[in-house]
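**Student:** Below is the structure I would like to discuss, written out as structure tokens.
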Amino acid sequence: DAGITQSPRHKVTETGTPVTLRCHQTENHRYMYWYRQDPGHGLRLIHYSYGVKDTDKGEVSDGYSVSRSKTEDFLLTLESATSSQTSVYFCAISERGVNTEAFFGQGTRLTVV
Amino acid sequence: AQKITQTQPGMFVQEKEAVTLDCTYDTSDQSYGLFWYKQPSSGEMIFLIYQGSYDEQNATEGRYSLNFQKARKSANLVISASQLGDSAMYFCAMRALMTGGNQFYFGTGTSLTVIP
């Protein structure tokens with residue numbers, strides 16, 4: 001199994017509070033991704049990174065920011081959590097190339113109350 | 001723009017029968033990859049099978065095969081001899097480098113239930 005760990009695995013937070021989710025990999029893969037999964041929507045990309053300090057937005061990036069100061073860590077921050085950000089968040093890693101699959105973390109279930 | 005479409009929200013199959021899960025895609029790239037993932041009720045995402053756009057033969061991995069029809073832009077997953085453990089969500093995904101920015105684009109998924 002690919003070495004990819006998400007923390008925390010579960011979190012309940014209040015509306016308006018900042019939240020940071022962490023993704024840690026031991027595979028030295030260049031690409032890291034944050035997705036959210038919601039019923040009926042599949043997995044939607046929030047942000048991704050193609051190297052240290054190199055990040056770009058995905059299709060649902062509003063309200064989220066990311067940082068990657070080390071190859072192994074990719075942080076997702078909800079600046080001010082809203083109920084619409086209640087979701088399951090997945091981190092994924094990959095090497096470059098269309099023939100390389102993404103490896104996923106176990107997911108973080110975030111509930112904003 | 002890249003897009004993946006899975007039109008079957010839910011599917012049922014009898015144990016030991018074969019089932020086909022549909023996936024169509026849209027991209028202007030010539031080089032791209034197509035992937036299928038399984039998500040059981042426990043929530044983890046499991047990679048099943050990969051097909052490259054230049055591959056002339058359909059990919060196979062054990063009981064999984066990918067029916068790749070490039071002209072129709074379809075990449076259907078075929079599961080043979082279904083087992084109870086195949087009950088899960090299945091996601092089709094695509095990766096394109098030129099216009100796709102190295103992202104993985106996912107469909108909305110198909111929930112498969114295997115009936116004993």
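We label chains A, B, ... in the order they appear in the structure tokens, count residues from 1 in each chain, and number ligands from 1 in the order shown.
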At a cut-off of 8 Å, list the chain B residues touching chain A, using only C-alpha atoms, as a count of residues only.

**Tutor:** 24

**Student:** Excluding B:Ser28 and its own-chain neighbours fewer than 6 positions away, which residues fall within 12 Å of it when counting only C-alpha atoms? Please give them as a list in words.

**Tutor:**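 In the requested format, the answer is Ala1, Gln2, Lys3, Ser53, Lys73, Arg95, Ala96, Leu97, Met98, Thr99 and Gly100 of chain B.
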
**Student:** Between A:Cys91, A:Ser61, A:Leu21, A:Gly16, which is the closest to A:Ile4 once you count only C-alpha atoms?

**Tutor:** A:Cys91

**Student:** Can you tell me, as number ranges by chain, which residues in chain B count as strand (DSSP E or B) by DSSP?

**Tutor:** B: 3-5, 10-14, 19-21, 24-26, 32-39, 46-52, 60-61, 64-69, 74-79, 88-96, 104-106, 110-115

**Student:** One decimal, in Å: what's the spacing between atom CA of A:Leu75 and atom CA of A:His29?

**Tutor:**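 Computed distance, atom CA of A:Leu75 to atom CA of A:His29, equals 15.3 Å.
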
**Student:** So how far away is atom CA of B:Val13 from atom CA of B:Thr110, in Å?

**Tutor:**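 Rounded to one decimal, the two atoms are 12.6 Å apart.
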
**Student:** Please provide as a PyMOL selection string all residues within 7 Å of B:Phe12, with the sequence filter that same-chain residues fewer than 3 positions apart are discarded (counting only C-alpha atoms).

**Tutor:** chain B and resi 112-115

**Student:** Would you output that residue set with N, CA, C and O atoms, as a PDB file, in the first residue's frame?

**Tutor:**
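Result went into part06.pdb, see below:
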```
ATOM      1  N   LEU B 112     -22.879  -0.516  -7.243  1.00  0.00           N
ATOM      2  CA  LEU B 112     -23.161  -1.885  -7.672  1.00  0.00           C
ATOM      3  C   LEU B 112     -23.552  -2.729  -6.471  1.00  0.00           C
ATOM      4  O   LEU B 112     -22.857  -2.734  -5.449  1.00  0.00           O
ATOM      5  N   THR B 113     -24.652  -3.437  -6.613  1.00  0.00           N
ATOM      6  CA  THR B 113     -25.092  -4.382  -5.591  1.00  0.00           C
ATOM      7  C   THR B 113     -25.138  -5.767  -6.200  1.00  0.00           C
ATOM      8  O   THR B 113     -25.795  -5.972  -7.227  1.00  0.00           O
ATOM      9  N   VAL B 114     -24.443  -6.700  -5.571  1.00  0.00           N
ATOM     10  CA  VAL B 114     -24.440  -8.081  -6.024  1.00  0.00           C
ATOM     11  C   VAL B 114     -25.439  -8.867  -5.179  1.00  0.00           C
ATOM     12  O   VAL B 114     -25.355  -8.879  -3.941  1.00  0.00           O
ATOM     13  N   ILE B 115     -26.376  -9.500  -5.848  1.00  0.00           N
ATOM     14  CA  ILE B 115     -27.462 -10.220  -5.184  1.00  0.00           C
ATOM     15  C   ILE B 115     -27.114 -11.704  -5.084  1.00  0.00           C
ATOM     16  O   ILE B 115     -26.733 -12.314  -6.083  1.00  0.00           O
TER      17      ILE B 115
END
```

**Student:** Distance atom CA of A:His10-atom CA of A:Ser84, one decimal place?

**Tutor:**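 Computing the Euclidean distance for atom CA of A:His10 and atom CA of A:Ser84 yields 16.5 Å.
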